[in-house]
Structures are given as C-alpha cells and as structure tokens.
file work_0.tsv (TSV, C-alpha atoms)
chain	number	residue	atom	x	y	z
R	1	MET	CA	-123.52	122.35	253.21
R	2	ALA	CA	-123.25	120.51	249.90
R	3	GLU	CA	-121.96	122.45	246.91
R	4	GLN	CA	-124.62	123.33	244.34
R	5	LYS	CA	-124.41	121.88	240.87
R	6	CYS	CA	-124.21	124.11	237.84
R	7	SER	CA	-126.92	123.97	235.23
R	8	ALA	CA	-124.32	123.58	232.46
R	9	ASP	CA	-122.73	120.13	232.35
R	10	ASP	CA	-119.20	119.31	231.28
R	11	MET	CA	-120.21	118.58	227.69
R	12	GLU	CA	-121.59	122.10	227.35
R	13	LEU	CA	-118.75	123.98	229.06
R	14	SER	CA	-116.69	124.44	225.91
R	15	ASN	CA	-119.69	125.63	223.88
R	16	LEU	CA	-120.66	128.03	226.66
R	17	SER	CA	-117.16	129.52	226.80
R	18	THR	CA	-117.16	129.99	223.03
R	19	LYS	CA	-120.42	131.92	223.26
R	20	LEU	CA	-119.14	134.06	226.12
R	21	GLU	CA	-115.89	134.86	224.33
R	22	SER	CA	-117.86	135.86	221.25
R	23	ASP	CA	-120.48	138.06	222.93
R	24	LEU	CA	-118.93	139.58	226.04
R	25	ASP	CA	-117.45	143.09	226.01
R	26	ILE	CA	-113.79	142.06	225.81
R	27	LYS	CA	-111.41	144.99	225.62
R	28	ASP	CA	-108.35	146.62	227.21
R	29	ARG	CA	-109.18	147.91	230.70
R	30	LYS	CA	-107.27	150.05	233.21
R	31	TYR	CA	-106.91	149.65	236.96
R	32	LEU	CA	-104.49	151.60	239.18
R	33	PHE	CA	-102.66	153.05	236.15
R	34	LYS	CA	-102.04	149.62	234.61
R	35	THR	CA	-103.69	148.39	231.40
R	36	TYR	CA	-104.95	144.81	231.19
R	37	PRO	CA	-105.46	143.76	227.55
R	38	SER	CA	-108.45	141.85	226.17
R	39	CYS	CA	-110.37	141.18	229.38
R	40	PHE	CA	-113.97	141.17	230.63
R	41	ILE	CA	-115.71	141.95	233.92
R	42	GLY	CA	-116.91	139.06	236.08
R	43	SER	CA	-120.26	140.59	237.06
R	44	GLU	CA	-121.02	141.45	233.43
R	45	ALA	CA	-120.40	137.84	232.42
R	46	ILE	CA	-122.85	136.65	235.07
R	47	THR	CA	-125.47	139.17	233.95
R	48	TYR	CA	-125.06	137.93	230.38
R	49	MET	CA	-125.48	134.28	231.42
R	50	VAL	CA	-128.61	135.01	233.46
R	51	ASP	CA	-130.20	137.20	230.74
R	52	ASN	CA	-129.52	134.54	228.09
R	53	ASN	CA	-130.80	131.61	230.20
R	54	MET	CA	-127.35	130.04	230.51
R	55	CYS	CA	-127.86	129.76	234.26
R	56	LYS	CA	-130.77	130.03	236.68
R	57	SER	CA	-129.31	132.58	239.07
R	58	ARG	CA	-126.29	134.76	239.77
R	59	GLU	CA	-125.11	132.15	242.29
R	60	ASP	CA	-125.28	129.55	239.53
R	61	GLY	CA	-123.29	131.90	237.29
R	62	ILE	CA	-120.53	132.13	239.90
R	63	LEU	CA	-120.28	128.34	239.96
R	64	ILE	CA	-120.03	128.21	236.17
R	65	GLY	CA	-117.30	130.86	236.29
R	66	LYS	CA	-115.38	128.80	238.83
R	67	ARG	CA	-115.63	125.77	236.58
R	68	LEU	CA	-114.29	127.80	233.67
R	69	LEU	CA	-111.36	128.78	235.92
R	70	ALA	CA	-110.75	125.19	237.03
R	71	ALA	CA	-110.77	124.05	233.40
R	72	ASN	CA	-108.13	126.69	232.50
R	73	ILE	CA	-110.53	128.32	230.05
R	74	ILE	CA	-110.39	131.69	231.81
R	75	GLN	CA	-108.24	133.22	234.52
R	76	HIS	CA	-108.15	136.34	236.66
R	77	VAL	CA	-105.80	138.80	234.95
R	78	THR	CA	-103.24	138.59	237.77
R	79	ASN	CA	-104.17	135.08	238.97
R	80	ASP	CA	-105.07	136.49	242.38
R	81	HIS	CA	-108.80	135.75	242.64
R	82	ASP	CA	-111.40	133.06	242.15
R	83	PHE	CA	-114.39	133.88	239.95
R	84	LEU	CA	-116.48	136.53	241.72
R	85	ASP	CA	-119.65	138.50	241.04
R	86	ASP	CA	-117.95	141.90	241.02
R	87	LYS	CA	-115.90	144.16	238.77
R	88	LYS	CA	-112.70	142.08	238.73
R	89	PHE	CA	-111.08	141.49	235.34
R	90	TYR	CA	-110.83	138.05	233.72
R	91	GLU	CA	-109.38	136.88	230.42
R	92	PHE	CA	-109.83	133.88	228.16
R	93	LEU	CA	-106.85	131.59	227.82
R	94	PRO	CA	-105.84	130.13	224.47
R	95	GLY	CA	-106.62	126.47	223.99
R	96	ASP	CA	-104.39	123.77	222.51
R	97	ASN	CA	-103.26	125.99	219.64
R	98	GLY	CA	-99.56	125.22	219.60
R	99	GLY	CA	-98.65	127.68	222.35
R	100	SER	CA	-96.52	126.61	225.30
R	101	SER	CA	-97.08	127.48	228.95
R	102	PHE	CA	-93.39	127.34	229.83
R	103	ARG	CA	-90.01	126.08	228.64
R	104	LEU	CA	-88.20	123.54	230.79
R	105	ILE	CA	-84.39	123.55	230.71
R	106	TYR	CA	-82.64	120.35	231.78
R	107	TYR	CA	-80.50	117.48	230.54
R	108	GLY	CA	-81.76	114.80	228.17
R	109	PHE	CA	-82.77	112.37	230.91
R	110	GLY	CA	-85.23	112.18	233.81
R	111	GLY	CA	-83.45	113.25	236.97
R	112	ARG	CA	-84.87	116.19	238.91
R	113	ALA	CA	-86.89	117.27	235.87
R	114	GLU	CA	-88.94	114.07	235.73
R	115	ALA	CA	-91.49	115.26	238.29
R	116	LEU	CA	-91.84	118.58	236.43
R	117	ARG	CA	-92.48	116.90	233.10
R	118	LEU	CA	-94.92	114.40	234.57
R	119	THR	CA	-96.85	117.10	236.40
R	120	ALA	CA	-97.40	119.03	233.18
R	121	SER	CA	-98.32	115.89	231.26
R	122	LEU	CA	-100.78	114.59	233.86
R	123	GLY	CA	-102.36	118.03	234.11
R	124	GLY	CA	-102.68	118.37	230.34
R	125	ILE	CA	-100.46	121.47	230.24
R	126	SER	CA	-98.47	122.38	227.12
R	127	PHE	CA	-94.73	122.94	227.49
R	128	GLU	CA	-91.39	122.95	225.71
R	129	ASP	CA	-88.55	120.70	226.81
R	130	GLU	CA	-85.09	122.14	226.07
R	131	TYR	CA	-82.17	119.77	226.60
R	132	ILE	CA	-78.69	120.96	227.48
R	133	THR	CA	-75.43	119.06	227.83
R	134	GLN	CA	-73.22	118.82	230.91
R	135	GLN	CA	-70.59	120.88	229.08
R	136	GLN	CA	-73.16	123.55	228.22
R	137	GLN	CA	-74.29	123.69	231.84
R	138	ALA	CA	-70.72	124.10	233.09
R	139	LYS	CA	-70.06	126.98	230.69
R	140	GLU	CA	-73.37	128.74	231.33
R	141	LYS	CA	-72.92	128.44	235.08
R	142	SER	CA	-69.39	129.83	234.77
R	143	ASP	CA	-70.76	132.70	232.66
R	144	GLY	CA	-73.34	133.49	235.35
R	145	LYS	CA	-76.32	132.46	233.24
R	146	ARG	CA	-77.89	130.12	235.78
R	147	ARG	CA	-80.49	131.78	237.97
R	148	TRP	CA	-79.20	130.02	241.11
R	149	SER	CA	-76.92	127.06	240.49
R	150	GLY	CA	-77.95	124.27	238.17
R	151	PRO	CA	-80.95	123.01	236.26
R	152	PRO	CA	-83.82	122.39	236.15
R	153	GLU	CA	-85.07	125.86	235.40
R	154	ILE	CA	-88.28	126.91	233.73
R	155	VAL	CA	-88.99	129.99	231.65
R	156	VAL	CA	-92.62	131.04	232.02
R	157	LEU	CA	-94.08	132.44	228.80
R	158	CYS	CA	-96.50	135.34	228.37
R	159	LYS	CA	-99.56	135.59	226.12
R	160	LYS	CA	-97.41	136.74	223.19
R	161	GLY	CA	-95.26	133.63	223.53
R	162	ASN	CA	-92.27	135.63	224.77
R	163	ASP	CA	-90.13	134.87	227.83
R	164	LEU	CA	-91.74	136.39	230.90
R	165	GLN	CA	-89.87	135.04	233.93
R	166	ARG	CA	-87.19	132.46	234.61
R	167	ILE	CA	-87.56	130.34	237.76
R	168	GLY	CA	-84.85	128.21	239.36
R	169	GLN	CA	-84.79	125.53	242.08
R	170	SER	CA	-86.61	122.30	241.23
R	171	ASN	CA	-89.23	122.51	243.98
R	172	ALA	CA	-90.13	126.12	243.11
R	173	CYS	CA	-90.55	125.06	239.47
R	174	LEU	CA	-92.60	122.05	240.53
R	175	ARG	CA	-94.97	124.13	242.67
R	176	TYR	CA	-95.59	126.55	239.81
R	177	ILE	CA	-96.32	123.77	237.31
R	178	GLY	CA	-98.36	121.87	239.90
R	179	ASP	CA	-100.51	124.94	240.48
R	180	ILE	CA	-101.41	125.48	236.82
R	181	ALA	CA	-101.80	121.72	236.29
R	182	GLY	CA	-104.13	121.19	239.25
R	183	LEU	CA	-101.75	118.82	241.08
R	184	TYR	CA	-100.88	121.22	243.91
R	185	PRO	CA	-103.84	121.34	246.35
R	186	GLN	CA	-105.62	124.63	246.95
R	187	ASN	CA	-106.25	123.72	250.58
R	188	ARG	CA	-103.49	125.36	252.67
R	189	LEU	CA	-103.02	122.44	255.04
R	190	ARG	CA	-102.81	119.93	252.22
R	191	ARG	CA	-100.28	122.18	250.50
R	192	ALA	CA	-98.16	122.15	253.63
R	193	LEU	CA	-98.26	118.35	253.71
R	194	VAL	CA	-97.26	118.28	250.04
R	195	ASP	CA	-94.42	120.72	250.74
R	196	GLU	CA	-93.12	118.43	253.50
R	197	VAL	CA	-92.71	115.62	250.97
R	198	LEU	CA	-91.07	117.86	248.36
R	199	ASP	CA	-88.42	119.10	250.77
R	200	SER	CA	-87.85	115.68	252.34
R	201	SER	CA	-87.37	114.19	248.88
R	202	GLU	CA	-84.50	116.61	248.35
R	203	ASP	CA	-83.09	115.63	251.75
R	204	LEU	CA	-83.19	111.95	250.82
R	205	ALA	CA	-81.56	112.45	247.41
R	206	GLY	CA	-79.02	114.83	248.94
R	207	SER	CA	-78.03	112.33	251.63
R	208	ILE	CA	-76.96	109.96	248.85
R	209	VAL	CA	-75.33	112.47	246.51
R	210	MET	CA	-73.46	114.48	249.13
R	211	GLY	CA	-73.04	111.60	251.56
R	212	ALA	CA	-71.47	109.12	249.20
R	213	ILE	CA	-71.41	109.72	245.45
R	214	TYR	CA	-69.42	112.98	245.53
R	215	GLY	CA	-67.24	112.00	248.45
R	216	SER	CA	-63.45	111.62	248.44
R	217	TYR	CA	-62.14	108.08	248.96
R	218	LYS	CA	-58.73	106.47	248.99
R	219	ASP	CA	-60.02	103.36	247.18
R	220	ASP	CA	-63.18	101.57	246.01
R	221	GLU	CA	-63.47	99.62	249.26
R	222	GLU	CA	-63.72	102.80	251.31
R	223	LYS	CA	-66.40	104.10	248.93
R	224	LYS	CA	-68.30	100.81	249.22
R	225	GLN	CA	-68.26	101.03	253.00
R	226	LYS	CA	-69.63	104.55	252.83
R	227	PHE	CA	-72.58	103.31	250.79
R	228	VAL	CA	-73.14	100.52	253.30
R	229	SER	CA	-73.12	102.97	256.20
R	230	LEU	CA	-75.98	104.96	254.66
R	231	LEU	CA	-78.22	101.88	254.87
R	232	LYS	CA	-77.35	100.80	258.40
R	233	ASP	CA	-80.00	101.13	261.11
R	234	ASP	CA	-78.56	104.51	262.10
R	235	GLY	CA	-77.69	105.57	258.54
R	236	SER	CA	-79.04	108.75	256.99
R	237	VAL	CA	-80.83	107.00	254.12
R	238	THR	CA	-82.49	104.57	256.52
R	239	TYR	CA	-83.66	107.55	258.57
R	240	TRP	CA	-85.40	109.10	255.58
R	241	LEU	CA	-86.88	105.80	254.37
R	242	ASN	CA	-88.45	105.34	257.80
R	243	LYS	CA	-89.97	108.81	257.58
R	244	PHE	CA	-91.42	108.23	254.11
R	245	GLU	CA	-92.94	104.94	255.26
R	246	LEU	CA	-94.52	106.72	258.24
R	247	ARG	CA	-96.03	109.44	256.05
R	248	LEU	CA	-97.61	106.83	253.78
R	249	GLU	CA	-98.97	105.04	256.82
R	250	GLU	CA	-100.34	108.31	258.20
R	251	ASN	CA	-102.20	109.05	254.96
R	252	GLU	CA	-103.56	105.51	254.94
R	253	LYS	CA	-104.89	105.85	258.49
R	254	LYS	CA	-106.83	108.93	257.38
R	255	GLY	CA	-108.91	106.64	255.19
R	256	ASN	CA	-107.04	107.12	251.92
R	257	LYS	CA	-106.72	103.86	250.02
R	258	ASN	CA	-104.57	104.55	246.96
R	259	GLY	CA	-101.15	104.33	248.61
R	260	LEU	CA	-100.21	107.98	248.06
R	261	PHE	CA	-98.73	110.64	250.32
R	262	VAL	CA	-101.48	113.29	250.54
R	263	GLY	CA	-105.07	112.29	249.95
R	264	ASP	CA	-106.21	109.81	247.32
R	265	ASP	CA	-105.29	111.74	244.16
R	266	ILE	CA	-101.82	112.08	242.70
R	267	THR	CA	-100.13	115.35	243.64
R	268	ILE	CA	-96.70	116.80	242.99
R	269	ALA	CA	-95.67	115.23	246.31
R	270	ASP	CA	-96.08	111.76	244.81
R	271	LEU	CA	-94.22	112.64	241.61
R	272	LYS	CA	-91.32	114.16	243.55
R	273	ALA	CA	-91.15	111.25	245.99
R	274	TYR	CA	-91.25	108.84	243.07
R	275	PHE	CA	-88.07	110.46	241.76
R	276	ALA	CA	-86.28	110.45	245.15
R	277	LEU	CA	-87.28	106.94	246.18
R	278	GLY	CA	-86.68	105.60	242.69
R	279	TYR	CA	-83.25	107.24	242.63
R	280	THR	CA	-82.43	105.61	245.96
R	281	HIS	CA	-83.66	102.24	244.75
R	282	GLY	CA	-81.74	102.38	241.48
R	283	GLN	CA	-78.55	104.29	242.29
R	284	LEU	CA	-77.56	103.32	245.84
R	285	PRO	CA	-75.85	99.92	246.01
R	286	GLY	CA	-77.68	97.61	248.41
R	287	ALA	CA	-80.79	99.77	248.57
R	288	LYS	CA	-82.99	97.31	246.68
R	289	ASP	CA	-82.45	94.64	249.30
R	290	VAL	CA	-83.14	97.07	252.15
R	291	MET	CA	-86.15	98.80	250.64
R	292	VAL	CA	-88.09	95.59	250.09
R	293	LYS	CA	-88.96	95.56	253.81
R	294	TYR	CA	-90.77	98.89	253.45
R	295	LYS	CA	-94.11	97.55	252.21
R	296	ARG	CA	-95.81	100.92	251.75
R	297	ILE	CA	-92.87	102.44	249.85
R	298	THR	CA	-92.71	99.32	247.67
R	299	ASN	CA	-96.42	99.56	246.95
R	300	PHE	CA	-96.13	103.30	246.27
R	301	LEU	CA	-93.40	102.77	243.67
R	302	ASP	CA	-95.62	100.15	242.00
R	303	VAL	CA	-98.69	102.41	242.04
R	304	ILE	CA	-96.91	105.35	240.40
R	305	GLY	CA	-94.73	103.25	238.12
R	306	ASN	CA	-97.71	101.32	236.74
R	307	ASN	CA	-99.96	104.33	236.24
R	308	GLU	CA	-100.92	104.20	232.55
R	309	ALA	CA	-100.78	107.97	232.01
R	310	ILE	CA	-97.34	108.14	233.61
R	311	LYS	CA	-96.05	105.21	231.56
R	312	ALA	CA	-97.32	106.80	228.34
R	313	ALA	CA	-95.71	110.15	229.19
R	314	LYS	CA	-92.37	108.55	230.06
R	315	GLN	CA	-92.35	106.66	226.77
R	316	LYS	CA	-92.61	109.99	224.93
R	317	TYR	CA	-89.78	111.44	227.00
R	318	GLU	CA	-87.55	108.42	226.40
R	319	LYS	CA	-88.11	108.69	222.66
R	320	ASN	CA	-87.02	112.33	222.71
R	321	PHE	CA	-84.04	111.58	224.96
R	322	ALA	CA	-82.88	109.07	222.33
R	323	SER	CA	-83.38	111.60	219.54
R	324	PHE	CA	-81.29	114.17	221.38
R	325	LYS	CA	-78.56	111.61	222.01
R	326	GLU	CA	-78.42	110.84	218.28
R	327	ASN	CA	-78.57	114.47	217.18
R	328	ALA	CA	-77.83	117.17	219.76
R	329	ASP	CA	-78.82	119.87	217.27
R	330	THR	CA	-82.44	118.92	217.88
R	331	LYS	CA	-82.76	120.02	221.48
R	332	ILE	CA	-86.26	121.46	221.93
R	333	PHE	CA	-89.27	119.16	222.03
R	334	LYS	CA	-92.87	120.34	222.40
R	335	TYR	CA	-95.71	118.68	224.26
R	336	GLY	CA	-99.26	119.79	223.51
R	337	GLY	CA	-102.02	120.59	225.95
R	338	LYS	CA	-103.76	123.51	227.58
R	339	CYS	CA	-101.77	126.72	227.34
R	340	VAL	CA	-101.63	128.66	230.63
R	341	TYR	CA	-99.51	131.76	230.20
R	342	GLY	CA	-97.86	133.55	233.11
R	343	VAL	CA	-98.83	136.94	234.50
R	344	LEU	CA	-96.67	139.24	236.64

call {"tool": "encode", "arguments": {"input": "work_0.tsv", "output": "structure tokens"}}
result
Amino acid sequence: MAEQKCSADDMELSNLSTKLESDLDIKDRKYLFKTYPSCFIGSEAITYMVDNNMCKSREDGILIGKRLLAANIIQHVTNDHDFLDDKKFYEFLPGDNGGSSFRLIYYGFGGRAEALRLTASLGGISFEDEYITQQQQAKEKSDGKRRWSGPPEIVVLCKKGNDLQRIGQSNACLRYIGDIAGLYPQNRLRRALVDEVLDSSEDLAGSIVMGAIYGSYKDDEEKKQKFVSLLKDDGSVTYWLNKFELRLEENEKKGNKNGLFVGDDITIADLKAYFALGYTHGQLPGAKDVMVKYKRITNFLDVIGNNEAIKAAKQKYEKNFASFKENADTKIFKYGGKCVYGVL
C-alpha cells in the first residue's frame, strides 16, 4: 500500500511548526514521577491541526507529525517513539541558533573521527570539534580520563547546552551521530548490514596497525617484508579487500546503482569504509598497486571522494586543522546546523 501524502508541502513545514509551537499547550508534564519540561501531547497537536484546517484528517495529522520528526523539528521526549495519535509527550527542538548537538574530541586530523565529522555535516547537524594533542591524550589516559581507551569520544549535550553523556568507541559514536543525522537506516535489516561494514572496517584498519605498523622488527627490511605479506594472496589485508569487494558486488546485484555498500544512499557504512579503505590505500606500502584490481572498491573511493558535499566539508576541516597546528590555544571549532540535543 502506497504511503499517503501530507497536505502540507515541504515549503510550508517550517511555517506550520512555528504556528504549532506558538499555539499548542506547551508546558512541563509529569509521567511516572518524572517531569518532562516544555512539551506537548501528540493527540492534542493533531486535534489542533484538524480544527484549524492544517490537515484533512487525523491520519493526515500523523503523517505531518512524522515529517516534523524526520526534519528534526520535534522529537519524542525520550526519543523512544514515532509520532502517534495518543497522549505521548513531544518537544520542539531548537533550530540553527548556535547550539551544538555534541562535542567531538579527537586529534587535529581526519583519522577515525573523519566519518563522525562527515556524518554530522552531511546530515546538517551542528557540533563542536575539540582537538587534543598526542601528549594530552597520553596524560589524560594515564589519569583515567578516557572513557575506554583513546579518542574519538563524543560528549552529547542537553537542552541547556550542558554535558549530558560521554560516549567512547568510534563505531558507537558513529551510530549515535548517524541516527540523529539520518544516515543510519531505521530498517533493522539494513542497520545490520551497515553494522557489518562498520565492524569490518575496524578489522581492516586493525590488520594493518596491529599487523605491521606497531610490530617489532630487527631492521627496515624485516618491516618491509611484513607489509608485503599483508598483501599476498593469503594475507590478512587481501582477505578483507576481497570481502569489501564482495559486499559492493552484492549491493549492486540488488539493483543499487550508486556503488555504495547498503542501498543507493550514503550511510555511515560508506563513510566508515571510506576511512578504512582510504587508510589502506594511503598508508600501506604497495597497497595502491594491489587495490587497482578491485574495480568496485576503486569506483567506491571515487564516488565518495568526489562527492561535492563531502569535499566541501573536508575543506572546512582542513582549514581548522591548519589553524590548530599554527595555534594550539584555539582548539574548539563549531559547525552550524540543526541542533539535536540528547535525552537520557
């Protein structure tokens, strides 16, 4: 059954939300001994829209509410429900008013944080980028200040702009940002396919870092031979390259034509794989010559690397990396966008 269309088009969505925020009964409400500030009731919003000819029916009102959710204009107070015609509580989210959704903590270069930054930028989500030095990381880790081990970490902010929750592990951070940015599919099966790529990207990068770069060698020749072994037919990097090529082929055979990993729209899987495959291509000696035979991986790197929105975002990051390198006292950089605060 085809999904119905709402009576309000995209051009009117912002005006409609302004009217709702102005006229609805927005106040602090209690449920199970907990107070939820400045919220409204879903069914009351639908009644208001119907009574004021903003929609033709209550079903139409539900669809409008879902569009307001998808546009990050409103959210359920605990982020647990879609928009429903019942007594659940919803709140309006602040727009691009200078607020930040989260603060990212990482070094002043791309690395494992690149996919996190790009996800927020592509999804139009505001965030702060806090750079640290290697020396700072070593001291903070020694002092027990890292949540798990090393960066990246994100600090999710609440409606008041205060720190709400720190999250460690790059893939956990990426899933959170992907969810608020709309780049982590809602469909459970698609999410599982995305998760496969995230975890396998870590396996690929880890096979290089732990398998060669941080190894112990008696001389440069022994280290060189270790790198060579990773790219042999039975090498660990070759194993993972074969798997990535197969996953791209699998997605292609499903009728998807854009050369991505899951479906035809960019997801966090593509941004994470772009980091891992790009790292392999750029950091592992001999990898460029080997990877050229993987036609789908080669095309994938071109597709993501030549995406105009991604290129524009990376140019902004590079400019700030350079500023931090020149003056380490300036270490927090803000990127504007939709502000989506966290809720516990």

call {"tool": "closest_atom_pairs", "arguments": {"input": "work_0.tsv", "of": "segment 254-341 of chain R", "to": "segment 160-163 of chain R", "cutoff": "12 Å", "atoms": "only C-alpha atoms", "output": "CSV"}}
result
residue,atom,partner,partner_atom,distance
R:Cys339,CA,R:Gly161,CA,10.2
R:Val340,CA,R:Gly161,CA,10.8
R:Tyr341,CA,R:Gly161,CA,8.1

call {"tool": "residues_around", "arguments": {"input": "work_0.tsv", "residues": "Asp129 of chain R", "least_positions_apart": "6", "cutoff": "6 Å", "atoms": "all atoms listed in the file", "output": "PyMOL selection string"}}
result
chain R and resi 103-104+332-333

call {"tool": "closest_atom_pairs", "arguments": {"input": "work_0.tsv", "of": "segment 266-329 of chain R", "to": "segment 168-184 of chain R", "cutoff": "9 Å", "atoms": "all atoms listed in the file", "output": "JSON lines"}}
result
{"residue": "R:Ile266", "atom": "CA", "partner": "R:Leu183", "partner_atom": "CA", "distance": 6.9}
{"residue": "R:Thr267", "atom": "CA", "partner": "R:Leu183", "partner_atom": "CA", "distance": 4.6}
{"residue": "R:Ile268", "atom": "CA", "partner": "R:Leu183", "partner_atom": "CA", "distance": 5.8}
{"residue": "R:Ala269", "atom": "CA", "partner": "R:Tyr184", "partner_atom": "CA", "distance": 8.3}
{"residue": "R:Lys272", "atom": "CA", "partner": "R:Leu174", "partner_atom": "CA", "distance": 8.5}

call {"tool": "axis_aligned_box", "arguments": {"input": "work_0.tsv", "around": "segment 238-242 of chain R", "padding_each_side": "5 Å", "output": "AutoDock Vina command-line options"}}
result
--center_x -85.5 --center_y 106.8 --center_z 256.5 --size_x 16.0 --size_y 14.5 --size_z 14.2

call {"tool": "atom_distance", "arguments": {"input": "work_0.tsv", "atom1": "atom CA of Pro152 of chain R", "atom2": "atom CA of Glu128 of chain R"}}
result
12.9 Å

call {"tool": "residues_around", "arguments": {"input": "work_0.tsv", "residues": "Gln283 of chain R", "least_positions_apart": "5", "cutoff": "12 Å", "atoms": "only C-alpha atoms", "output": "ChimeraX atom specification"}}
result
/R:111,205,208-209,212-213,227,275-278,288

call {"tool": "closest_residue", "arguments": {"input": "work_0.tsv", "among": "R:Pro151, R:Tyr274, R:Lys223, R:Phe244", "to": "Tyr131 of chain R", "atoms": "only C-alpha atoms"}}
result
R:Pro151

call {"tool": "residues_around", "arguments": {"input": "work_0.tsv", "residues": "segment 85-91 of chain R", "least_positions_apart": "2", "cutoff": "8 Å", "atoms": "only C-alpha atoms", "output": "list in words"}}
result
Ser38, Cys39, Phe40, Ile41, Gly42, Ser43, Glu44, Ile46, Arg58, Ile62, Ile74, Gln75, His76, Val77, Phe83 and Leu93 of chain R

call {"tool": "write_last_selection", "arguments": {"input": "work_0.tsv", "atoms": "C-alpha atoms", "output": "PDB file, keeping the file's coordinate frame"}}
result
ATOM      1  CA  SER R  38    -108.450 141.850 226.170  1.00  0.00           C
ATOM      2  CA  CYS R  39    -110.370 141.180 229.380  1.00  0.00           C
ATOM      3  CA  PHE R  40    -113.970 141.170 230.630  1.00  0.00           C
ATOM      4  CA  ILE R  41    -115.710 141.950 233.920  1.00  0.00           C
ATOM      5  CA  GLY R  42    -116.910 139.060 236.080  1.00  0.00           C
ATOM      6  CA  SER R  43    -120.260 140.590 237.060  1.00  0.00           C
ATOM      7  CA  GLU R  44    -121.020 141.450 233.430  1.00  0.00           C
ATOM      8  CA  ILE R  46    -122.850 136.650 235.070  1.00  0.00           C
ATOM      9  CA  ARG R  58    -126.290 134.760 239.770  1.00  0.00           C
ATOM     10  CA  ILE R  62    -120.530 132.130 239.900  1.00  0.00           C
ATOM     11  CA  ILE R  74    -110.390 131.690 231.810  1.00  0.00           C
ATOM     12  CA  GLN R  75    -108.240 133.220 234.520  1.00  0.00           C
ATOM     13  CA  HIS R  76    -108.150 136.340 236.660  1.00  0.00           C
ATOM     14  CA  VAL R  77    -105.800 138.800 234.950  1.00  0.00           C
ATOM     15  CA  PHE R  83    -114.390 133.880 239.950  1.00  0.00           C
ATOM     16  CA  LEU R  93    -106.850 131.590 227.820  1.00  0.00           C
TER      17      LEU R  93
END

call {"tool": "closest_residue", "arguments": {"input": "work_0.tsv", "among": "R:Lys316, R:His281, R:Lys27, R:Arg191", "to": "Ile297 of chain R", "atoms": "only C-alpha atoms"}}
result
R:His281

call {"tool": "closest_atom_pairs", "arguments": {"input": "work_0.tsv", "of": "segment 232-328 of chain R", "to": "segment 121-126 of chain R", "cutoff": "12 Å", "atoms": "only C-alpha atoms", "output": "tab-separated table"}}
result
residue	atom	partner	partner_atom	distance
R:Asp265	CA	R:Leu122	CA	11.6
R:Ile266	CA	R:Leu122	CA	9.2
R:Thr267	CA	R:Leu122	CA	9.8
R:Ile268	CA	R:Leu122	CA	10.2
R:Leu271	CA	R:Leu122	CA	10.3
R:Ile304	CA	R:Leu122	CA	12.0
R:Asn307	CA	R:Leu122	CA	10.6
R:Glu308	CA	R:Leu122	CA	10.5
R:Ala309	CA	R:Leu122	CA	6.9
R:Ile310	CA	R:Leu122	CA	7.3
R:Lys311	CA	R:Leu122	CA	10.8
R:Ala312	CA	R:Ser121	CA	9.6
R:Ala313	CA	R:Ser121	CA	6.6
R:Lys314	CA	R:Ser121	CA	9.5
R:Gln315	CA	R:Ser121	CA	11.9
R:Lys316	CA	R:Ser121	CA	10.4
R:Tyr317	CA	R:Ser121	CA	10.5

call {"tool": "closest_residue", "arguments": {"input": "work_0.tsv", "among": "R:Glu245, R:Lys139, R:Thr78, R:Arg117", "to": "Val292 of chain R", "atoms": "only C-alpha atoms"}}
result
R:Glu245

call {"tool": "closest_residue", "arguments": {"input": "work_0.tsv", "among": "R:Thr330, R:Asn187, R:Gly65, R:Asp264", "to": "Gly108 of chain R", "atoms": "all atoms listed in the file"}}
result
R:Thr330

call {"tool": "atom_distance", "arguments": {"input": "work_0.tsv", "atom1": "atom CA of Leu193 of chain R", "atom2": "atom CA of Asn251 of chain R"}}
result
10.2 Å

call {"tool": "atom_distance", "arguments": {"input": "work_0.tsv", "atom1": "atom CA of Lys141 of chain R", "atom2": "atom CA of Phe324 of chain R"}}
result
21.5 Å

call {"tool": "residues_near_point", "arguments": {"input": "work_0.tsv", "point": "(-74.7, 103.5, 258.4)", "cutoff": "12 Å", "atoms": "all atoms listed in the file", "output": "list in words"}}
result
Ser207, Ile208, Gly211, Ala212, Lys224, Gln225, Lys226, Phe227, Val228, Ser229, Leu230, Leu231, Lys232, Asp233, Asp234, Gly235, Ser236, Val237, Thr238, Tyr239 and Gly286 of chain R

call {"tool": "decode", "arguments": {"input": "work_0.tsv", "residues": "segment 109-118 of chain R", "atoms": "N, CA, C and O atoms", "output": "short mmCIF file (atom, residue, chain, number, x, y, z; two decimals), in the first residue's frame"}}
result
data_model
loop_
_atom_site.label_atom_id
_atom_site.label_comp_id
_atom_site.auth_asym_id
_atom_site.auth_seq_id
_atom_site.Cartn_x
_atom_site.Cartn_y
_atom_site.Cartn_z
N PHE R 109 43.34 16.02 12.95
CA PHE R 109 43.42 15.43 11.60
C PHE R 109 42.24 14.48 11.44
O PHE R 109 41.44 14.31 12.37
N GLY R 110 42.12 13.86 10.27
CA GLY R 110 40.95 13.04 9.96
C GLY R 110 40.84 11.79 10.80
O GLY R 110 40.06 11.70 11.75
N GLY R 111 41.63 10.78 10.44
CA GLY R 111 41.66 9.54 11.20
C GLY R 111 40.29 8.93 11.44
O GLY R 111 39.39 9.01 10.61
N ARG R 112 40.14 8.32 12.61
CA ARG R 112 38.87 7.66 12.94
C ARG R 112 37.72 8.64 13.16
O ARG R 112 36.57 8.24 13.21
N ALA R 113 38.04 9.92 13.31
CA ALA R 113 36.98 10.91 13.51
C ALA R 113 36.40 11.42 12.19
O ALA R 113 35.35 12.07 12.20
N GLU R 114 37.05 11.11 11.08
CA GLU R 114 36.58 11.66 9.80
C GLU R 114 35.15 11.25 9.50
O GLU R 114 34.32 12.08 9.09
N ALA R 115 34.82 9.98 9.69
CA ALA R 115 33.47 9.52 9.41
C ALA R 115 32.45 10.19 10.32
O ALA R 115 31.32 10.48 9.90
N LEU R 116 32.84 10.47 11.57
CA LEU R 116 31.93 11.13 12.51
C LEU R 116 31.64 12.55 12.05
O LEU R 116 30.48 12.99 12.03
N ARG R 117 32.70 13.27 11.70
CA ARG R 117 32.52 14.65 11.23
C ARG R 117 31.67 14.69 9.96
O ARG R 117 30.74 15.50 9.85
N LEU R 118 31.99 13.83 9.02
CA LEU R 118 31.27 13.84 7.74
C LEU R 118 29.80 13.48 7.93
O LEU R 118 28.93 14.04 7.26
#
